[in-house]
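Asker: mmCIF, C-alpha atoms (C1' of nucleotides) and all ligand atoms, file structure-v8.cif:
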data_work
loop_
_atom_site.label_atom_id
_atom_site.label_comp_id
_atom_site.auth_asym_id
_atom_site.auth_seq_id
_atom_site.Cartn_x
_atom_site.Cartn_y
_atom_site.Cartn_z
CA MET D 1 4.52 24.60 -16.18
CA ARG D 2 7.17 21.92 -16.54
CA ILE D 3 7.62 18.84 -14.42
CA GLY D 4 10.08 20.41 -12.03
CA GLU D 5 7.71 23.14 -10.95
CA LEU D 6 4.79 20.76 -10.61
CA SER D 7 6.97 18.48 -8.54
CA GLU D 8 8.02 21.31 -6.30
CA ARG D 9 4.56 22.73 -5.86
CA THR D 10 2.99 19.39 -5.03
CA GLY D 11 5.85 17.88 -3.07
CA THR D 12 5.81 14.95 -5.47
CA PRO D 13 8.97 13.39 -6.93
CA ARG D 14 9.24 13.72 -10.70
CA ARG D 15 9.50 9.98 -10.85
CA LEU D 16 5.98 9.68 -9.48
CA LEU D 17 4.51 12.28 -11.79
CA ARG D 18 5.76 10.18 -14.69
CA TYR D 19 4.43 7.07 -13.00
CA TYR D 20 0.98 8.58 -12.55
CA GLU D 21 1.02 9.51 -16.21
CA GLU D 22 2.02 5.96 -17.14
CA GLN D 23 -0.96 4.72 -15.11
CA GLY D 24 -3.28 7.08 -16.96
CA LEU D 25 -4.04 9.36 -14.02
CA ILE D 26 -2.66 12.51 -15.58
CA LYS D 27 -1.78 13.51 -19.09
CA ALA D 28 0.78 16.13 -20.07
CA ASP D 29 1.06 18.23 -23.16
CA ARG D 30 4.47 18.30 -24.76
CA LEU D 31 6.53 21.30 -25.66
CA ALA D 32 8.38 21.44 -28.97
CA ASN D 33 11.44 19.96 -27.32
CA GLY D 34 9.58 17.06 -25.78
CA TYR D 35 9.32 18.46 -22.26
CA ARG D 36 6.08 17.83 -20.40
CA ASP D 37 3.86 20.90 -20.06
CA TYR D 38 1.27 20.99 -17.30
CA ASP D 39 -1.73 23.19 -16.89
CA GLU D 40 -2.09 25.09 -13.63
CA ALA D 41 -5.01 22.87 -12.64
CA TYR D 42 -2.65 19.93 -12.29
CA VAL D 43 -1.41 21.18 -8.96
CA ASP D 44 -4.76 20.46 -7.36
CA ARG D 45 -5.24 17.32 -9.38
CA VAL D 46 -1.94 15.83 -8.28
CA LEU D 47 -2.62 16.72 -4.67
CA GLN D 48 -5.98 15.03 -4.97
CA ILE D 49 -4.35 11.91 -6.37
CA ARG D 50 -1.79 11.88 -3.59
CA GLY D 51 -4.50 12.24 -1.01
CA LEU D 52 -6.50 9.38 -2.45
CA LEU D 53 -3.44 7.16 -2.64
CA ASP D 54 -2.73 7.95 0.98
CA THR D 55 -6.20 6.78 1.96
CA GLY D 56 -5.61 3.36 0.50
CA LEU D 57 -7.04 3.65 -3.01
CA SER D 58 -5.04 2.15 -5.86
CA THR D 59 -4.07 4.01 -9.00
CA ARG D 60 -6.34 1.70 -10.96
CA ILE D 61 -9.37 2.72 -8.90
CA ILE D 62 -8.38 6.35 -8.84
CA LYS D 63 -8.18 6.34 -12.61
CA GLN D 64 -11.74 5.05 -12.82
CA ILE D 65 -13.30 7.52 -10.42
CA LEU D 66 -11.26 10.61 -11.17
CA PRO D 67 -13.31 11.92 -14.11
CA CYS D 68 -16.47 11.80 -12.03
CA LEU D 69 -14.79 13.59 -9.17
CA ASN D 70 -13.61 16.49 -11.27
CA LYS D 71 -16.84 17.27 -13.05
CA PRO D 72 -19.50 15.54 -10.99
CA ARG D 73 -22.27 17.68 -12.40
CA GLU D 74 -22.15 16.20 -15.86
CA ILE D 75 -22.57 12.62 -16.94
CA HIS D 76 -19.67 11.01 -18.72
CA PHE D 77 -21.53 8.73 -21.02
CA ASP D 78 -18.47 6.99 -22.23
CA GLU D 79 -17.95 5.71 -18.70
CA ALA D 80 -21.52 5.31 -17.60
CA THR D 81 -21.56 1.60 -18.35
CA PRO D 82 -23.24 -0.67 -15.83
CA GLU D 83 -19.84 -2.06 -14.82
CA THR D 84 -18.37 1.35 -14.15
CA LEU D 85 -21.43 2.47 -12.23
CA ALA D 86 -21.28 -0.69 -10.15
CA LEU D 87 -17.62 -0.07 -9.47
CA LEU D 88 -18.37 3.47 -8.42
CA ALA D 89 -21.09 2.36 -6.05
CA SER D 90 -18.85 -0.30 -4.60
CA GLU D 91 -16.02 2.15 -4.16
CA ARG D 92 -18.35 4.65 -2.53
CA ASP D 93 -19.34 2.02 0.01
CA ARG D 94 -15.77 0.97 0.68
CA MET D 95 -14.83 4.59 1.23
CA THR D 96 -17.70 4.95 3.67
CA ALA D 97 -16.39 1.94 5.57
CA ARG D 98 -12.91 3.46 5.57
CA ILE D 99 -14.26 6.72 6.91
CA ARG D 100 -16.04 4.94 9.75
CA CYS D 101 -12.96 2.94 10.65
CA LEU D 102 -10.70 5.98 10.53
CA THR D 103 -13.09 8.11 12.52
CA ARG D 104 -13.57 5.58 15.27
CA ASN D 105 -9.87 4.95 15.68
CA ARG D 106 -8.87 8.56 15.39
CA ASP D 107 -11.37 9.46 18.08
CA ALA D 108 -9.90 6.79 20.32
CA ILE D 109 -6.43 8.23 19.82
CA ALA D 110 -7.67 11.74 20.48
CA GLU D 111 -9.46 10.60 23.61
CA TYR D 112 -6.34 8.87 24.84
CA LEU D 113 -4.20 11.92 24.19
CA GLU D 114 -6.63 14.16 26.00
CA MET D 115 -6.59 11.86 28.99
CA VAL D 116 -2.81 11.83 29.06
CA SER D 117 -2.63 15.60 28.79
CA ARG D 118 -4.95 15.95 31.77
CA ALA D 119 -2.81 13.64 33.88
CA MET R 1 -9.54 -21.02 18.80
CA ARG R 2 -6.88 -22.16 16.35
CA ILE R 3 -5.61 -20.28 13.34
CA GLY R 4 -8.01 -21.90 10.89
CA GLU R 5 -11.09 -20.72 12.70
CA LEU R 6 -9.72 -17.23 13.21
CA SER R 7 -8.85 -17.12 9.53
CA GLU R 8 -12.32 -18.21 8.54
CA ARG R 9 -14.13 -15.86 10.91
CA THR R 10 -12.12 -12.83 9.86
CA GLY R 11 -11.71 -13.62 6.18
CA THR R 12 -7.97 -13.33 6.61
CA PRO R 13 -5.50 -15.80 5.09
CA ARG R 14 -3.53 -17.78 7.68
CA ARG R 15 -0.41 -16.46 6.06
CA LEU R 16 -1.38 -12.95 7.08
CA LEU R 17 -2.27 -13.86 10.64
CA ARG R 18 1.26 -15.20 11.02
CA TYR R 19 2.60 -12.09 9.34
CA TYR R 20 0.72 -9.80 11.72
CA GLU R 21 2.14 -11.79 14.59
CA GLU R 22 5.63 -11.47 13.16
CA GLN R 23 5.09 -7.70 13.01
CA GLY R 24 4.02 -7.63 16.65
CA LEU R 25 0.38 -6.75 16.01
CA ILE R 26 -1.06 -9.87 17.58
CA LYS R 27 0.30 -12.50 19.91
CA ALA R 28 -0.92 -16.09 20.15
CA ASP R 29 -0.75 -18.54 23.00
CA ARG R 30 0.53 -21.96 22.10
CA LEU R 31 -1.11 -25.28 22.75
CA ALA R 32 0.94 -28.22 23.98
CA ASN R 33 1.52 -29.33 20.40
CA GLY R 34 2.72 -25.93 19.23
CA TYR R 35 -0.48 -24.82 17.53
CA ARG R 36 -1.46 -21.20 17.95
CA ASP R 37 -4.38 -20.58 20.30
CA TYR R 38 -6.37 -17.38 20.00
CA ASP R 39 -8.73 -15.75 22.42
CA GLU R 40 -12.21 -14.89 21.19
CA ALA R 41 -11.36 -11.19 21.30
CA TYR R 42 -8.93 -11.66 18.43
CA VAL R 43 -11.74 -11.77 15.93
CA ASP R 44 -12.49 -8.11 16.53
CA ARG R 45 -8.85 -7.25 16.86
CA VAL R 46 -7.92 -8.76 13.53
CA LEU R 47 -10.84 -7.07 11.83
CA GLN R 48 -9.70 -3.79 13.32
CA ILE R 49 -6.19 -4.35 12.01
CA ARG R 50 -7.51 -5.19 8.56
CA GLY R 51 -9.63 -2.08 8.55
CA LEU R 52 -6.73 0.12 9.52
CA LEU R 53 -4.49 -1.44 6.89
CA ASP R 54 -7.19 -0.80 4.33
CA THR R 55 -7.21 2.88 5.22
CA GLY R 56 -3.55 3.20 4.41
CA LEU R 57 -1.87 2.76 7.79
CA SER R 58 1.23 0.59 7.92
CA THR R 59 1.70 -2.32 10.29
CA ARG R 60 4.42 -0.34 12.03
CA ILE R 61 2.05 2.51 12.84
CA ILE R 62 -0.77 0.20 13.74
CA LYS R 63 1.46 -1.56 16.21
CA GLN R 64 2.22 1.74 17.91
CA ILE R 65 -1.34 2.95 18.23
CA LEU R 66 -3.14 -0.33 18.84
CA PRO R 67 -2.70 -0.51 22.63
CA CYS R 68 -4.17 2.96 23.04
CA LEU R 69 -7.11 2.05 20.82
CA ASN R 70 -8.04 -1.03 22.78
CA LYS R 71 -7.98 0.42 26.27
CA PRO R 72 -8.12 4.16 25.71
CA ARG R 73 -9.34 4.87 29.23
CA GLU R 74 -6.12 3.96 30.93
CA ILE R 75 -2.67 5.38 30.42
CA HIS R 76 0.02 2.99 29.25
CA PHE R 77 2.96 4.51 30.99
CA ASP R 78 5.46 2.30 29.25
CA GLU R 79 4.44 3.91 25.98
CA ALA R 80 3.67 7.42 27.17
CA THR R 81 7.06 8.71 26.12
CA PRO R 82 7.20 12.10 24.42
CA GLU R 83 8.11 10.41 21.16
CA THR R 84 5.16 8.06 21.25
CA LEU R 85 2.77 10.84 22.20
CA ALA R 86 4.08 12.95 19.35
CA LEU R 87 3.61 10.05 16.97
CA LEU R 88 0.07 9.57 18.19
CA ALA R 89 -0.76 13.22 17.72
CA SER R 90 0.79 13.20 14.27
CA GLU R 91 -1.10 10.07 13.31
CA ARG R 92 -4.33 11.54 14.64
CA ASP R 93 -3.85 14.54 12.38
CA ARG R 94 -2.99 12.43 9.37
CA MET R 95 -6.10 10.38 9.94
CA THR R 96 -8.17 13.54 10.12
CA ALA R 97 -6.74 14.59 6.78
CA ARG R 98 -7.56 11.19 5.33
CA ILE R 99 -11.10 11.41 6.61
CA ARG R 100 -11.57 14.79 4.98
CA CYS R 101 -10.16 13.58 1.69
CA LEU R 102 -12.23 10.42 1.69
CA THR R 103 -15.40 12.24 2.65
CA ARG R 104 -15.05 14.88 0.00
CA ASN R 105 -14.37 12.36 -2.75
CA ARG R 106 -16.95 9.87 -1.61
CA ASP R 107 -19.56 12.61 -1.59
CA ALA R 108 -18.59 13.54 -5.13
CA ILE R 109 -19.03 9.95 -6.23
CA ALA R 110 -22.37 9.70 -4.46
CA GLU R 111 -23.51 12.93 -6.03
CA TYR R 112 -22.51 11.70 -9.47
CA LEU R 113 -24.30 8.40 -8.99
CA GLU R 114 -27.44 10.14 -7.83
CA MET R 115 -27.38 12.35 -10.87
CA VAL R 116 -26.95 9.39 -13.19
CA SER R 117 -29.75 7.51 -11.50
CA ARG R 118 -32.07 10.46 -12.03
CA ALA R 119 -31.24 10.63 -15.72
"C1'" DT G 1 -2.96 -48.57 9.99
"C1'" DC G 2 -4.00 -45.28 7.06
"C1'" DA G 3 -6.12 -40.98 5.28
"C1'" DA G 4 -7.66 -36.47 5.74
"C1'" DA G 5 -7.57 -32.27 7.82
"C1'" DC G 6 -5.40 -29.61 10.56
"C1'" DC G 7 -1.06 -27.29 12.16
"C1'" DT G 8 4.23 -25.79 12.00
"C1'" DT G 9 8.39 -23.13 9.80
"C1'" DG G 10 10.70 -21.52 5.89
"C1'" DA G 11 11.63 -20.02 1.31
"C1'" DC G 12 10.60 -17.82 -2.76
"C1'" DA G 13 7.52 -15.07 -5.80
"C1'" DT G 14 4.41 -11.29 -6.96
"C1'" DC G 15 2.60 -6.69 -7.04
"C1'" DG G 16 2.13 -1.76 -6.49
"C1'" DG G 17 4.28 2.39 -5.11
"C1'" DT G 18 8.73 4.42 -4.84
"C1'" DG G 19 14.01 5.42 -5.04
"C1'" DT G 20 18.03 5.90 -7.79
"C1'" DG G 21 20.98 6.37 -11.35
"C1'" DA G 22 22.69 5.99 -16.15
"C1'" DA G 23 22.95 7.98 -20.79
"C1'" DG G 24 21.73 11.56 -23.27
"C1'" DG G 25 19.05 15.92 -25.22
"C1'" DT G 26 17.81 21.20 -24.44
"C1'" DC G 27 18.42 25.70 -22.88
"C1'" DA G 28 19.96 29.80 -20.38
"C1'" DA G 29 23.88 32.26 -18.45
"C1'" DC G 30 28.38 33.37 -18.53
"C1'" DG Y 1 31.88 27.46 -26.44
"C1'" DT Y 2 31.29 25.68 -21.95
"C1'" DT Y 3 28.89 24.95 -17.79
"C1'" DG Y 4 24.97 23.86 -15.12
"C1'" DA Y 5 20.20 23.19 -14.56
"C1'" DC Y 6 16.66 21.33 -16.52
"C1'" DC Y 7 14.40 17.68 -19.28
"C1'" DT Y 8 13.91 12.76 -21.71
"C1'" DT Y 9 13.63 7.37 -21.47
"C1'" DC Y 10 15.02 3.20 -19.45
"C1'" DA Y 11 16.51 -0.06 -16.16
"C1'" DC Y 12 17.25 -1.95 -11.86
"C1'" DA Y 13 16.38 -2.01 -6.90
"C1'" DC Y 14 13.70 -1.66 -2.69
"C1'" DC Y 15 9.91 -2.23 0.52
"C1'" DG Y 16 5.62 -3.74 2.55
"C1'" DA Y 17 1.65 -6.60 1.99
"C1'" DT Y 18 0.38 -10.84 0.10
"C1'" DG Y 19 0.36 -15.52 -2.50
"C1'" DT Y 20 2.12 -20.06 -2.86
"C1'" DC Y 21 4.39 -24.00 -2.01
"C1'" DA Y 22 7.44 -27.47 0.19
"C1'" DA Y 23 8.52 -30.56 3.97
"C1'" DG Y 24 7.05 -32.16 7.96
"C1'" DG Y 25 4.39 -32.81 12.69
"C1'" DT Y 26 -0.45 -33.68 15.08
"C1'" DT Y 27 -5.09 -35.16 15.60
"C1'" DT Y 28 -9.31 -37.36 14.36
"C1'" DG Y 29 -11.83 -40.86 12.38
"C1'" DA Y 30 -12.58 -44.81 9.05
ZN ZN A 201 -17.23 9.88 -15.09
ZN ZN A 202 -11.99 -0.29 11.86
ZN ZN A 203 -0.90 3.03 24.82
ZN ZN A 204 -8.11 14.75 -1.13
#
Please render this file's structure as structure tokens.
Answerer:
Amino acid sequence: MRIGELSERTGTPRRLLRYYEEQGLIKADRLANGYRDYDEAYVDRVLQIRGLLDTGLSTRIIKQILPCLNKPREIHFDEATPETLALLASERDRMTARIRCLTRNRDAIAEYLEMVSRA
Amino acid sequence: MRIGELSERTGTPRRLLRYYEEQGLIKADRLANGYRDYDEAYVDRVLQIRGLLDTGLSTRIIKQILPCLNKPREIHFDEATPETLALLASERDRMTARIRCLTRNRDAIAEYLEMVSRA
DNA sequence: TCAAACCTTGACATCGGTGTGAAGGTCAAC
DNA sequence: GTTGACCTTCACACCGATGTCAAGGTTTGA
């Protein structure tokens, strides 16, 4: 699929798809005429990237953790350096903190809304 | 407490404390000489703001939801307009989506790290 | 009295994610 | 052939969060 369809199916401006590629998050094949050519799997992948960006992760971090997210059941030895593993552990902990913060505050909002709806 | 102590106790640059005030997230009393004077409770409040910012919420949204987070057990009638309630519900749902995304991806990272540590 | 450590406001810069548009190539339909 | 819809790269702009610095006032202590 070309960039237009991927853009449409993910709700992502073409500009950003090119930006994510520039940042190394996605990689497109090229057709004979130079057009980008995306595999079907990129729909999910782009949505995943968008979701992670929305939760506060940077493209730099996403780039580092993405390979492990996609195929978590196999070790990527090229990335299994102590530094990368430390980064992954640190990111895992930061995400846990984010989840706690989000959950607590979302529950407070929900509680407030319920109270208002009862009044 | 003055801005320096609040900065130190929350790990937040003074610059940002003034910025949060400018955005209406916090409000400081003033001493006779013009210095900002913060109540003890601002330590938690600033940490809460920082946490929410880290999870991808903007200062504008945080400003809207903060009053309901702090005293969720009472209705703030001045803010209980249909628009504000709709925003709160929408934000609650977005936060739920963020939590799901973060949880799924964090679990994948954790799973990967466990596998590596076993190998 | 002077220095150091605070504080003030204001301006300007940086950085990442994003918007927008120019200038031009490709392709399908008419 | 021409038109319109797609694609390319490139550049410039914008916005929110943050860094940095200047110029100056206040307080505390040598
Ligand atoms: Zn990996
Ligand atoms: Zn929090
Ligand atoms: Zn409220
Ligand atoms: Zn996700």
Asker: Please enclose the listed atoms of region 71-88 of chain D in an axis-aligned box, pad each side by 5 Å, and write out the centre and the three edge lengths in Å, rounded to one decimal, as lines of an AutoDock Vina configuration file.
Answerer:
center_x = -20.0
center_y = 7.8
center_z = -15.3
size_x = 16.4
size_y = 29.7
size_z = 23.8
Asker: For chain Y, which residue out of D:Tyr35, D:Glu5, D:Cys68, D:Thr10 is the nearest one, using all atoms listed in the file?
Answerer: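 Among D:Tyr35, D:Glu5, D:Cys68, D:Thr10, it is D:Tyr35 that comes nearest to chain Y.
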Asker: Hey, which bits of region 40-115 of chain D sit within 10 Å of region 5-25 of chain G, and for each residue what's the closest pair of atoms and how far apart in Å (one decimal), counting all atoms listed in the file, rows by chain and increasing number, as CSV?
Answerer:
residue,atom,partner,partner_atom,distance
D:Leu53,CA,G:DG17,C1',9.4
D:Ser58,CA,G:DG16,C1',8.2
D:Thr59,CA,G:DG16,C1',8.8
Asker: Atoms to include: C-alpha atoms. Write the selected residues as an mmCIF file, keeping the file's coordinate frame.
Answerer:
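Written file, out.cif:
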data_model
loop_
_atom_site.group_PDB
_atom_site.id
_atom_site.type_symbol
_atom_site.label_atom_id
_atom_site.label_comp_id
_atom_site.auth_asym_id
_atom_site.auth_seq_id
_atom_site.Cartn_x
_atom_site.Cartn_y
_atom_site.Cartn_z
ATOM 1 C CA LEU D 53 -3.440 7.160 -2.640
ATOM 2 C CA SER D 58 -5.040 2.150 -5.860
ATOM 3 C CA THR D 59 -4.070 4.010 -9.000
#
Asker: Kindly work out which residues sit at most 7 Å from ligand ZN 203 (chain A), using all atoms listed in the file, and give the list as a list of chain:residue names.
Answerer: R:Ile65, R:Pro67, R:Cys68, R:Ile75, R:His76, R:Glu79, R:Ala80
Asker: Could you list, as JSON, numbers by chain, the residues of chain R having an atom within 7 Å of chain D when counting all atoms listed in the file?
Answerer: {"R": [51, 52, 54, 55, 56, 68, 69, 72, 73, 75, 88, 92, 95, 98, 99, 101, 102, 105, 106, 108, 109, 110, 111, 112, 116]}
Asker: Hey, what's within 10 Å of Ile26 (chain R) if we count all atoms listed in the file and toss same-chain stuff fewer than 3 positions away? As a VMD selection string, please?
Answerer: chain R and resid 17 to 23 38 42 45 to 46 49 63 66
Asker: Counting all atoms listed in the file, a student should be able to say which residues of chain Y come within 10 Å of chain D; what is the right answer, written as a PDB file with C-alpha atoms (C1' of nucleotides), in the frame of the given file?
Answerer:
ATOM      1  C1'  DC Y   6      16.660  21.330 -16.520  1.00  0.00           C
ATOM      2  C1'  DC Y   7      14.400  17.680 -19.280  1.00  0.00           C
ATOM      3  C1'  DT Y   8      13.910  12.760 -21.710  1.00  0.00           C
TER       4       DT Y   8
END
Asker: Quick check, in Å to one decimal: how far apart do CA of Asp44 (chain D) and atom ZN of ligand ZN 204 (chain A) lie?
Answerer: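 Interatomic distance here is 9.1 Å.
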Asker: Using all atoms listed in the file, which residues sit within 10 Å of Gly11 (chain D) once same-chain residues fewer than 2 positions away are excluded, as a PDB file with C-alpha atoms, keeping the file's coordinate frame?
Answerer:
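Printed below is result.pdb as written:
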ATOM      1  CA  GLU D   5       7.710  23.140 -10.950  1.00  0.00           C
ATOM      2  CA  LEU D   6       4.790  20.760 -10.610  1.00  0.00           C
ATOM      3  CA  SER D   7       6.970  18.480  -8.540  1.00  0.00           C
ATOM      4  CA  GLU D   8       8.020  21.310  -6.300  1.00  0.00           C
ATOM      5  CA  ARG D   9       4.560  22.730  -5.860  1.00  0.00           C
ATOM      6  CA  PRO D  13       8.970  13.390  -6.930  1.00  0.00           C
ATOM      7  CA  ARG D  14       9.240  13.720 -10.700  1.00  0.00           C
ATOM      8  CA  VAL D  43      -1.410  21.180  -8.960  1.00  0.00           C
ATOM      9  CA  VAL D  46      -1.940  15.830  -8.280  1.00  0.00           C
ATOM     10  CA  LEU D  47      -2.620  16.720  -4.670  1.00  0.00           C
ATOM     11  CA  ARG D  50      -1.790  11.880  -3.590  1.00  0.00           C
TER      12      ARG D  50
END
Asker: Take C1' of DT28 (chain Y) and CA of Met1 (chain R) and report the distance between them in Å, one decimal.
Answerer: 16.9 Å
Asker: So which one's closest to ligand ZN 202 (chain A), R:Asp37, R:Ile62, R:Leu16, R:Arg30? Using all atoms listed in the file, please.
Answerer: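 Looking at the shortest contact to ligand ZN 202 (chain A), the residue is R:Ile62.
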Asker: So which one's closest to ligand ZN 201 (chain A), D:Ala32, D:Gln64, D:Glu40, D:Thr12? Using only C-alpha atoms and all ligand atoms, please.
Answerer: D:Gln64
Asker: Mind rebuilding region 7-33 of chain R with N, CA and C atoms and writing that out as a PDB file, in the coordinates of the input?
Answerer:
ATOM      1  N   SER R   7      -8.959 -17.486  10.948  1.00  0.00           N
ATOM      2  CA  SER R   7      -8.850 -17.120   9.530  1.00  0.00           C
ATOM      3  C   SER R   7     -10.236 -17.075   8.889  1.00  0.00           C
ATOM      4  N   GLU R   8     -11.003 -18.111   9.156  1.00  0.00           N
ATOM      5  CA  GLU R   8     -12.320 -18.210   8.540  1.00  0.00           C
ATOM      6  C   GLU R   8     -13.240 -17.093   9.039  1.00  0.00           C
ATOM      7  N   ARG R   9     -13.191 -16.833  10.337  1.00  0.00           N
ATOM      8  CA  ARG R   9     -14.130 -15.860  10.910  1.00  0.00           C
ATOM      9  C   ARG R   9     -13.752 -14.424  10.598  1.00  0.00           C
ATOM     10  N   THR R  10     -12.511 -14.195  10.191  1.00  0.00           N
ATOM     11  CA  THR R  10     -12.120 -12.830   9.860  1.00  0.00           C
ATOM     12  C   THR R  10     -11.872 -12.642   8.368  1.00  0.00           C
ATOM     13  N   GLY R  11     -11.982 -13.733   7.618  1.00  0.00           N
ATOM     14  CA  GLY R  11     -11.710 -13.620   6.180  1.00  0.00           C
ATOM     15  C   GLY R  11     -10.275 -13.253   5.890  1.00  0.00           C
ATOM     16  N   THR R  12      -9.380 -13.686   6.745  1.00  0.00           N
ATOM     17  CA  THR R  12      -7.970 -13.330   6.610  1.00  0.00           C
ATOM     18  C   THR R  12      -7.126 -14.589   6.390  1.00  0.00           C
ATOM     19  N   PRO R  13      -6.353 -14.628   5.338  1.00  0.00           N
ATOM     20  CA  PRO R  13      -5.500 -15.800   5.090  1.00  0.00           C
ATOM     21  C   PRO R  13      -4.607 -16.101   6.293  1.00  0.00           C
ATOM     22  N   ARG R  14      -4.401 -17.390   6.563  1.00  0.00           N
ATOM     23  CA  ARG R  14      -3.530 -17.780   7.680  1.00  0.00           C
ATOM     24  C   ARG R  14      -2.175 -17.104   7.543  1.00  0.00           C
ATOM     25  N   ARG R  15      -1.699 -17.102   6.318  1.00  0.00           N
ATOM     26  CA  ARG R  15      -0.410 -16.460   6.060  1.00  0.00           C
ATOM     27  C   ARG R  15      -0.325 -15.069   6.684  1.00  0.00           C
ATOM     28  N   LEU R  16      -1.401 -14.320   6.576  1.00  0.00           N
ATOM     29  CA  LEU R  16      -1.380 -12.950   7.080  1.00  0.00           C
ATOM     30  C   LEU R  16      -1.489 -12.907   8.586  1.00  0.00           C
ATOM     31  N   LEU R  17      -2.204 -13.831   9.167  1.00  0.00           N
ATOM     32  CA  LEU R  17      -2.270 -13.860  10.640  1.00  0.00           C
ATOM     33  C   LEU R  17      -0.879 -14.095  11.194  1.00  0.00           C
ATOM     34  N   ARG R  18      -0.112 -14.970  10.556  1.00  0.00           N
ATOM     35  CA  ARG R  18       1.260 -15.200  11.020  1.00  0.00           C
ATOM     36  C   ARG R  18       2.113 -13.959  10.765  1.00  0.00           C
ATOM     37  N   TYR R  19       1.857 -13.316   9.650  1.00  0.00           N
ATOM     38  CA  TYR R  19       2.600 -12.090   9.340  1.00  0.00           C
ATOM     39  C   TYR R  19       2.310 -10.999  10.368  1.00  0.00           C
ATOM     40  N   TYR R  20       1.069 -10.811  10.720  1.00  0.00           N
ATOM     41  CA  TYR R  20       0.720  -9.800  11.720  1.00  0.00           C
ATOM     42  C   TYR R  20       1.387 -10.125  13.052  1.00  0.00           C
ATOM     43  N   GLU R  21       1.466 -11.399  13.356  1.00  0.00           N
ATOM     44  CA  GLU R  21       2.140 -11.790  14.590  1.00  0.00           C
ATOM     45  C   GLU R  21       3.632 -11.463  14.507  1.00  0.00           C
ATOM     46  N   GLU R  22       4.208 -11.760  13.375  1.00  0.00           N
ATOM     47  CA  GLU R  22       5.630 -11.470  13.160  1.00  0.00           C
ATOM     48  C   GLU R  22       5.903  -9.974  13.314  1.00  0.00           C
ATOM     49  N   GLN R  23       4.936  -9.154  12.912  1.00  0.00           N
ATOM     50  CA  GLN R  23       5.090  -7.700  13.010  1.00  0.00           C
ATOM     51  C   GLN R  23       4.715  -7.176  14.390  1.00  0.00           C
ATOM     52  N   GLY R  24       4.313  -8.061  15.295  1.00  0.00           N
ATOM     53  CA  GLY R  24       4.020  -7.630  16.650  1.00  0.00           C
ATOM     54  C   GLY R  24       2.626  -7.066  16.843  1.00  0.00           C
ATOM     55  N   LEU R  25       1.726  -7.287  15.886  1.00  0.00           N
ATOM     56  CA  LEU R  25       0.380  -6.750  16.010  1.00  0.00           C
ATOM     57  C   LEU R  25      -0.514  -7.658  16.845  1.00  0.00           C
ATOM     58  N   ILE R  26      -0.292  -8.935  16.770  1.00  0.00           N
ATOM     59  CA  ILE R  26      -1.060  -9.870  17.580  1.00  0.00           C
ATOM     60  C   ILE R  26      -0.092 -10.865  18.210  1.00  0.00           C
ATOM     61  N   LYS R  27      -0.563 -11.556  19.212  1.00  0.00           N
ATOM     62  CA  LYS R  27       0.300 -12.500  19.910  1.00  0.00           C
ATOM     63  C   LYS R  27      -0.556 -13.703  20.268  1.00  0.00           C
ATOM     64  N   ALA R  28      -0.102 -14.894  19.934  1.00  0.00           N
ATOM     65  CA  ALA R  28      -0.920 -16.090  20.150  1.00  0.00           C
ATOM     66  C   ALA R  28      -0.322 -16.931  21.262  1.00  0.00           C
ATOM     67  N   ASP R  29      -1.200 -17.478  22.106  1.00  0.00           N
ATOM     68  CA  ASP R  29      -0.750 -18.540  23.000  1.00  0.00           C
ATOM     69  C   ASP R  29      -0.428 -19.766  22.160  1.00  0.00           C
ATOM     70  N   ARG R  30       0.235 -20.723  22.815  1.00  0.00           N
ATOM     71  CA  ARG R  30       0.530 -21.960  22.100  1.00  0.00           C
ATOM     72  C   ARG R  30      -0.042 -23.139  22.862  1.00  0.00           C
ATOM     73  N   LEU R  31      -0.652 -24.034  22.153  1.00  0.00           N
ATOM     74  CA  LEU R  31      -1.110 -25.280  22.750  1.00  0.00           C
ATOM     75  C   LEU R  31       0.102 -26.192  22.977  1.00  0.00           C
ATOM     76  N   ALA R  32      -0.150 -27.305  23.644  1.00  0.00           N
ATOM     77  CA  ALA R  32       0.940 -28.220  23.980  1.00  0.00           C
ATOM     78  C   ALA R  32       1.658 -28.698  22.709  1.00  0.00           C
ATOM     79  N   ASN R  33       0.917 -28.817  21.638  1.00  0.00           N
ATOM     80  CA  ASN R  33       1.520 -29.330  20.400  1.00  0.00           C
ATOM     81  C   ASN R  33       2.124 -28.227  19.521  1.00  0.00           C
TER      82      ASN R  33
END
